[in-house]
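Notes for the one structure printed next.
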Amino acid sequence: MGIQLHLRQVLITALFLGAPALAQEGKALVTGASRKPADTFLHQYAETRRFMNGRPAGARITPDEQSVLFLRTSPTSNVQVLYAFDVATGQARELLTPEALLKGAEETLTPEEKARRERMRVSARGFTSYNLSEDGTRLLVPLSGR
């Protein structure tokens, strides 16, 4: 009885948290027709990092209070991109992507950086953090050991 209640709570929570991530791109995840419902759920659960993909992370208000910067992934990717939310218009836009900085090259991590991310339990790729200068004119975005 207790296991069924716990499973029901997990499923409801997963569906509740997964809805914004799936709605972000305006499309459902593509699943194989031969999968069972439980297999489909587990596949989606793993593919979306426990339905956490697409949720903003590391939000910071700029000093002029005109924008909010944050990191976000797409629903089925674990590559974080830097976004800016314009307070006046209410629109979020992609500000900087790892692909733009690397110019098509693959992200390479040193063994030290891999160990640091593992210790911090960071499973995302791309931008895992960023820093904004006090005056808000400069951004520091560590990527691929640089």
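Labeling convention for the structure tokens: chains A, B, ... as they appear, residues from 1 per chain, ligands from 1 in order of appearance.
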Exercise for the section: From the DSSP assignment of the backbone, select every residue of stretch 47-136 of chain A that is helix (DSSP H, G or I), and format the answer as a ChimeraX atom specification. Expected result: /A:47,98-102,111-119
With N, CA and C atoms retained, export the selected residues as an mmCIF file, in the first residue's frame.
```cif
data_model
loop_
_atom_site.group_PDB
_atom_site.id
_atom_site.type_symbol
_atom_site.label_atom_id
_atom_site.label_comp_id
_atom_site.auth_asym_id
_atom_site.auth_seq_id
_atom_site.Cartn_x
_atom_site.Cartn_y
_atom_site.Cartn_z
ATOM 1 N N GLU A 47 15.719 10.993 -20.103
ATOM 2 C CA GLU A 47 16.114 11.895 -21.181
ATOM 3 C C GLU A 47 15.994 13.368 -20.783
ATOM 4 N N PRO A 98 27.104 27.845 -26.208
ATOM 5 C CA PRO A 98 28.444 27.245 -26.250
ATOM 6 C C PRO A 98 28.927 27.034 -27.693
ATOM 7 N N GLU A 99 28.019 26.690 -28.589
ATOM 8 C CA GLU A 99 28.385 26.463 -29.984
ATOM 9 C C GLU A 99 28.954 27.729 -30.619
ATOM 10 N N ALA A 100 28.371 28.895 -30.270
ATOM 11 C CA ALA A 100 28.862 30.151 -30.828
ATOM 12 C C ALA A 100 30.281 30.450 -30.354
ATOM 13 N N LEU A 101 30.573 30.168 -29.096
ATOM 14 C CA LEU A 101 31.921 30.422 -28.574
ATOM 15 C C LEU A 101 32.948 29.429 -29.102
ATOM 16 N N LEU A 102 32.546 28.176 -29.230
ATOM 17 C CA LEU A 102 33.479 27.137 -29.668
ATOM 18 C C LEU A 102 33.586 27.062 -31.190
ATOM 19 N N PRO A 111 40.694 16.619 -16.898
ATOM 20 C CA PRO A 111 40.308 15.665 -15.853
ATOM 21 C C PRO A 111 39.907 16.370 -14.552
ATOM 22 N N GLU A 112 40.560 17.490 -14.253
ATOM 23 C CA GLU A 112 40.225 18.246 -13.043
ATOM 24 C C GLU A 112 38.808 18.811 -13.120
ATOM 25 N N GLU A 113 38.447 19.357 -14.293
ATOM 26 C CA GLU A 113 37.106 19.918 -14.460
ATOM 27 C C GLU A 113 36.050 18.814 -14.422
ATOM 28 N N LYS A 114 36.346 17.672 -15.016
ATOM 29 C CA LYS A 114 35.418 16.542 -14.951
ATOM 30 C C LYS A 114 35.194 16.121 -13.498
ATOM 31 N N ALA A 115 36.284 16.051 -12.728
ATOM 32 C CA ALA A 115 36.177 15.666 -11.314
ATOM 33 C C ALA A 115 35.401 16.709 -10.526
ATOM 34 N N ARG A 116 35.639 17.994 -10.810
ATOM 35 C CA ARG A 116 34.912 19.065 -10.117
ATOM 36 C C ARG A 116 33.418 18.975 -10.383
ATOM 37 N N ARG A 117 33.049 18.765 -11.651
ATOM 38 C CA ARG A 117 31.631 18.651 -11.995
ATOM 39 C C ARG A 117 31.003 17.423 -11.349
ATOM 40 N N GLU A 118 31.764 16.345 -11.298
ATOM 41 C CA GLU A 118 31.240 15.138 -10.663
ATOM 42 C C GLU A 118 31.036 15.357 -9.164
ATOM 43 N N ARG A 119 31.987 16.006 -8.509
ATOM 44 C CA ARG A 119 31.841 16.307 -7.078
ATOM 45 C C ARG A 119 30.643 17.212 -6.815
#
```
Exercise for the section: Might you pull out every residue within 12 Å of A:Leu132, with only C-alpha atoms counted and same-chain residues fewer than 5 positions away left off, and present them as number ranges by chain? Expected result: A: 58-63, 68-70, 82, 137-142
Exercise for the section: Give the answer as one residue: which of A:Ser77, A:Ser67, A:Ser144, A:Asn53 has the shortest atom-to-atom distance to A:Ala92, using only C-alpha atoms? Expected result: A:Ser67
Practice task
Would you list the contacts of A:Gly90 as a list in words, taking every protein, DNA or RNA residue within 12 Å and counting only C-alpha atoms, but skipping same-chain residues closer than 3 positions in sequence?
Solution key: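 Within the cut-off, the hits are Gln66, Ser67, Val68, Ala84, Phe85, Asp86, Val87 and Arg93 of chain A.
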Handout entry: Residue contacts of A:Val79 (8 Å, only C-alpha atoms) excluding same-chain residues fewer than 4 positions away, as a PyMOL selection string
Key = chain A and resi 73-74+124-127
Practice task
For each of A:Thr76, A:Gly104, A:Leu71, A:Leu95, take the minimum atom-to-atom distance to A:Tyr130, counting only C-alpha atoms, then give the residue where this is smallest.
Solution key: A:Leu71
Problem - Shortest interatomic distance to A:Val81 - which of A:Ser133, A:Leu143, A:Tyr45, A:Thr110, counting only C-alpha atoms - result: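 Closest to A:Val81 of all the choices is A:Leu143.
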